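Visitor: Below is protein_20.csv; it holds CSV, C-alpha atoms.
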```
chain,number,residue,atom,x,y,z
W,1,MET,CA,1.9,20.0,-1.1
W,2,SER,CA,2.0,23.4,-2.6
W,3,MET,CA,2.8,23.6,-6.3
W,4,SER,CA,5.3,26.4,-5.5
W,5,LYS,CA,7.6,24.0,-3.6
W,6,GLU,CA,10.4,22.3,-5.4
W,7,ILE,CA,10.0,18.5,-5.2
W,8,LEU,CA,13.0,16.5,-4.0
W,9,GLY,CA,11.5,13.2,-4.8
W,10,THR,CA,8.7,10.7,-4.5
W,11,TRP,CA,9.1,7.3,-2.8
W,12,LYS,CA,6.8,4.3,-2.6
W,13,ILE,CA,7.2,2.1,0.4
W,14,LYS,CA,5.2,-0.4,2.5
W,15,LEU,CA,4.5,0.5,6.1
W,16,GLU,CA,2.7,-1.2,8.9
W,17,CYS,CA,-0.5,0.6,10.0
W,18,GLY,CA,-0.5,2.0,13.5
W,19,GLN,CA,2.9,0.6,14.3
W,20,THR,CA,5.5,2.4,12.1
W,21,LYS,CA,8.6,3.5,13.8
W,22,PRO,CA,11.6,5.6,12.7
W,23,GLY,CA,14.1,3.4,11.0
W,24,ALA,CA,16.0,2.4,7.8
W,25,SER,CA,12.9,2.4,5.6
W,26,LEU,CA,12.3,6.1,6.2
W,27,ALA,CA,16.0,7.2,6.6
W,28,SER,CA,16.5,7.9,2.9
W,29,LEU,CA,13.7,10.4,2.9
W,30,LYS,CA,15.5,12.8,5.1
W,31,ILE,CA,12.3,14.0,6.8
W,32,ASP,CA,11.4,14.3,10.5
W,33,MET,CA,10.8,10.5,11.0
W,34,ARG,CA,9.2,10.9,14.4
W,35,SER,CA,6.7,13.4,13.1
W,36,PHE,CA,5.9,11.4,10.1
W,37,CYS,CA,5.5,8.2,12.1
W,38,GLN,CA,3.1,9.9,14.5
W,39,GLU,CA,1.0,11.3,11.7
W,40,PHE,CA,1.0,8.1,9.7
W,41,ASN,CA,0.1,5.9,12.8
W,42,ASN,CA,-2.7,8.3,13.8
W,43,LYS,CA,-4.2,8.0,10.3
W,44,THR,CA,-3.9,4.2,10.3
W,45,LYS,CA,-4.6,3.3,13.9
W,46,THR,CA,-7.9,1.6,13.0
W,47,THR,CA,-6.2,-1.1,11.0
W,48,PRO,CA,-3.1,-2.0,13.1
W,49,GLY,CA,-0.7,-4.6,11.7
W,50,LYS,CA,-1.8,-4.3,8.1
W,51,LYS,CA,0.9,-3.4,5.6
W,52,VAL,CA,-0.1,-0.7,3.2
W,53,ASN,CA,1.5,0.9,0.2
W,54,VAL,CA,2.4,4.5,0.8
W,55,LYS,CA,3.5,7.2,-1.6
W,56,ILE,CA,5.6,9.9,0.0
W,57,THR,CA,6.5,13.1,-1.8
W,58,VAL,CA,9.2,15.2,-0.2
W,59,ALA,CA,10.0,18.9,-1.0
W,60,LYS,CA,13.5,20.4,-0.9
W,61,ASP,CA,12.6,22.1,2.4
W,62,ARG,CA,12.0,18.6,3.8
W,63,SER,CA,8.2,19.0,4.2
W,64,TYR,CA,6.3,16.0,3.0
W,65,GLN,CA,2.9,14.7,1.9
W,66,PHE,CA,1.8,11.1,1.8
W,67,ILE,CA,-1.0,9.1,0.3
W,68,ILE,CA,-2.0,5.7,1.6
W,69,LYS,CA,-2.6,3.5,-1.4
W,70,GLY,CA,-4.1,0.6,0.5
W,71,VAL,CA,-3.2,-2.9,1.4
W,72,SER,CA,-1.1,-4.6,-1.3
W,73,THR,CA,-2.7,-7.3,-3.5
W,74,SER,CA,-0.3,-9.9,-2.2
W,75,GLU,CA,-1.3,-9.1,1.4
W,76,LEU,CA,-5.0,-9.5,0.5
W,77,ILE,CA,-4.3,-12.8,-1.2
W,78,LYS,CA,-2.4,-14.0,1.9
W,79,GLU,CA,-5.3,-13.0,4.2
W,80,ILE,CA,-7.9,-14.9,2.1
W,81,THR,CA,-5.9,-18.0,1.3
W,82,GLY,CA,-4.3,-18.4,4.8
W,83,GLU,CA,-2.7,-21.8,4.9
W,84,LYS,CA,-4.3,-23.2,1.8
W,85,LYS,CA,-2.5,-22.6,-1.5
W,86,THR,CA,-5.5,-22.1,-3.6
W,87,ILE,CA,-7.8,-19.2,-4.5
W,88,ASN,CA,-11.2,-19.3,-6.2
W,89,SER,CA,-12.9,-16.9,-8.6
W,90,GLU,CA,-15.2,-15.4,-5.9
W,91,GLU,CA,-12.1,-14.6,-3.8
W,92,ILE,CA,-10.3,-13.1,-6.8
W,93,GLU,CA,-13.3,-10.9,-7.6
W,94,LYS,CA,-13.5,-9.7,-4.0
W,95,ILE,CA,-9.8,-8.7,-4.0
W,96,ALA,CA,-10.2,-7.1,-7.5
W,97,HIS,CA,-13.1,-4.9,-6.2
W,98,GLN,CA,-11.0,-3.8,-3.2
W,99,LYS,CA,-8.0,-2.9,-5.3
W,100,LEU,CA,-9.8,-1.4,-8.3
W,101,THR,CA,-9.2,2.2,-7.2
W,102,HIS,CA,-5.5,1.5,-6.7
W,103,LEU,CA,-4.8,-0.3,-9.9
W,104,ASN,CA,-4.0,1.2,-13.3
W,105,THR,CA,-7.3,0.1,-14.7
W,106,ASP,CA,-11.0,0.7,-14.1
W,107,ASP,CA,-12.0,-2.5,-15.8
W,108,LEU,CA,-13.0,-5.3,-13.3
W,109,GLU,CA,-11.9,-8.1,-15.7
W,110,LYS,CA,-8.4,-6.6,-16.1
W,111,ALA,CA,-8.2,-6.1,-12.3
W,112,LYS,CA,-9.1,-9.8,-11.8
W,113,SER,CA,-6.3,-10.7,-14.3
W,114,ILE,CA,-3.8,-8.6,-12.2
W,115,VAL,CA,-4.9,-10.4,-9.0
W,116,ILE,CA,-4.6,-13.8,-10.7
W,117,GLY,CA,-1.1,-12.9,-11.9
W,118,THR,CA,-0.1,-11.8,-8.4
W,119,ALA,CA,-1.5,-15.0,-6.9
W,120,ARG,CA,0.3,-17.3,-9.4
W,121,SER,CA,3.6,-15.5,-8.9
W,122,ALA,CA,3.2,-16.2,-5.2
W,123,GLY,CA,2.7,-19.9,-5.8
W,124,ILE,CA,-1.1,-19.9,-5.2
W,125,LYS,CA,-3.1,-22.2,-7.5
W,126,VAL,CA,-6.1,-20.4,-9.1
W,127,ILE,CA,-9.2,-22.6,-9.3
```
I need this file expressed as structure tokens, please.
Guide:
Amino acid sequence: MSMSKEILGTWKIKLECGQTKPGASLASLKIDMRSFCQEFNNKTKTTPGKKVNVKITVAKDRSYQFIIKGVSTSELIKEITGEKKTINSEEIEKIAHQKLTHLNTDDLEKAKSIVIGTARSAGIKVI
């Protein structure tokens, strides 16, 4: 987005890759939802069904720019744990490596702590 455009706002939402449709989650942005959905789905069609965090910046002229921040930590934990309610240190490290570029740290140990906190808050036992 050009620096000369006045920014209306920035929103962070979760959207489903390759399958996002116009609806309530996008209505508050006041952008062309059909156009946005088509662009987003084209960019994410290789990972359909995964939910990703998206940061959308909207200008006063209703143009927009979005950044796909990746799959949420809680989604990655759900994928790895499945039906079991435990997660081990190797699984935590795997998720921490995946999320490292999207977290507010570049330290792997701190990233692992964030993953552990997310797992515990979801009722997953860390072993």
Visitor: Which of these residues is nearest to W:Ile13, using all atoms listed in the file: W:Ser74, W:Asn42, W:Asn53, W:Thr105?
Guide: W:Asn53
Visitor: Skip W:Ser89 itself and residues of its chain fewer than 6 positions away, then list as a list of chain:residue names all residues within 9 Å of it, counting all atoms listed in the file.
Guide: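 That gives W:Lys112, W:Val126, W:Ile127.
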Visitor: Between atom CA of W:Leu15 and atom CA of W:Gly49, what is the spacing in Å?
Guide: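 A separation of 9.2 Å between them.
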Visitor: So which residues are close to (1.5, -14.3, -6.0), meaning at most 12 Å away in the file's coordinates with all atoms listed in the file counted, and can you show them as a CSV table (one decimal) with C-alpha atoms, in the coordinates of the input?
Guide:
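The resulting file, out-v2.csv, is shown below:
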```
chain,number,residue,atom,x,y,z
W,72,SER,CA,-1.1,-4.6,-1.3
W,73,THR,CA,-2.7,-7.3,-3.5
W,74,SER,CA,-0.3,-9.9,-2.2
W,75,GLU,CA,-1.3,-9.1,1.4
W,76,LEU,CA,-5.0,-9.5,0.5
W,77,ILE,CA,-4.3,-12.8,-1.2
W,78,LYS,CA,-2.4,-14.0,1.9
W,81,THR,CA,-5.9,-18.0,1.3
W,85,LYS,CA,-2.5,-22.6,-1.5
W,86,THR,CA,-5.5,-22.1,-3.6
W,87,ILE,CA,-7.8,-19.2,-4.5
W,92,ILE,CA,-10.3,-13.1,-6.8
W,113,SER,CA,-6.3,-10.7,-14.3
W,114,ILE,CA,-3.8,-8.6,-12.2
W,115,VAL,CA,-4.9,-10.4,-9.0
W,116,ILE,CA,-4.6,-13.8,-10.7
W,117,GLY,CA,-1.1,-12.9,-11.9
W,118,THR,CA,-0.1,-11.8,-8.4
W,119,ALA,CA,-1.5,-15.0,-6.9
W,120,ARG,CA,0.3,-17.3,-9.4
W,121,SER,CA,3.6,-15.5,-8.9
W,122,ALA,CA,3.2,-16.2,-5.2
W,123,GLY,CA,2.7,-19.9,-5.8
W,124,ILE,CA,-1.1,-19.9,-5.2
W,125,LYS,CA,-3.1,-22.2,-7.5
W,126,VAL,CA,-6.1,-20.4,-9.1
```
Visitor: Give me the residues near W:Val71 as a VMD selection string, where near means some atom within 10 Å (using all atoms listed in the file) and where sequence neighbours in that chain fewer than 6 positions away do not count.
Guide: chain W and resid 14 to 17 50 to 54 98 to 99 102
Visitor: Identify which of the residues W:Leu108, W:Lys21, W:Ile95, W:Phe66 lies closest to W:Glu79, counting only C-alpha atoms when measuring atom-to-atom distances.
Guide: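 Under the stated criterion, the closest residue is W:Ile95.
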Visitor: Considering only C-alpha atoms, state which residue in the set W:Asp107, W:Ile80, W:Gln19, W:Leu29 is at the smallest distance from W:Thr57.
Guide: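 Closest candidate: W:Leu29.
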Visitor: Point out the residue among W:Lys84, W:Lys5, W:Arg62, W:Lys94 with the least atom-to-atom distance to W:Ser35, counting only C-alpha atoms.
Guide: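 Using only C-alpha atoms, the shortest distance to W:Ser35 belongs to W:Arg62.
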Visitor: Rounded to one decimal in Å, what is the spacing between atom CA of W:Ser28 and atom CA of W:Thr101?
Guide: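 Spanning atom CA of W:Ser28 to atom CA of W:Thr101 is a straight-line distance of 28.2 Å.
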Visitor: Might you pull out every residue within 12 Å of W:Ile56, with only C-alpha atoms counted and same-chain residues fewer than 3 positions away left off, and present them as a list in words?
Guide: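 Counting only the stated atoms, we get Met1, Ile7, Leu8, Gly9, Thr10, Trp11, Lys12, Ile13, Lys14, Leu15, Ser25, Leu26, Ser28, Leu29, Lys30, Ile31, Phe36, Phe40, Asn53, Ala59, Arg62, Ser63, Tyr64, Gln65, Phe66, Ile67, Ile68 and Lys69 of chain W.
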Visitor: To one decimal place in Å, what is the distance between atom CA of W:Gly70 and atom CA of W:Leu100?
Guide: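 Calculated distance between atom CA of W:Gly70 and atom CA of W:Leu100 is 10.7 Å.
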Visitor: Taking all atoms listed in the file into account, which of W:Ala96, W:Gly18, W:Asp106, W:Asn88 comes nearest W:Thr44?
Guide: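 Of the candidates, the smallest distance to W:Thr44 is held by W:Gly18.
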Visitor: Near W:Pro22, counting only C-alpha atoms, which residues have an atom at most 8 Å away, once you skip same-chain residues fewer than 4 positions from it, shown as a list in words?
Guide: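 Listed by chain and then number, they are Leu26, Ala27, Met33, Arg34 and Cys37 of chain W.
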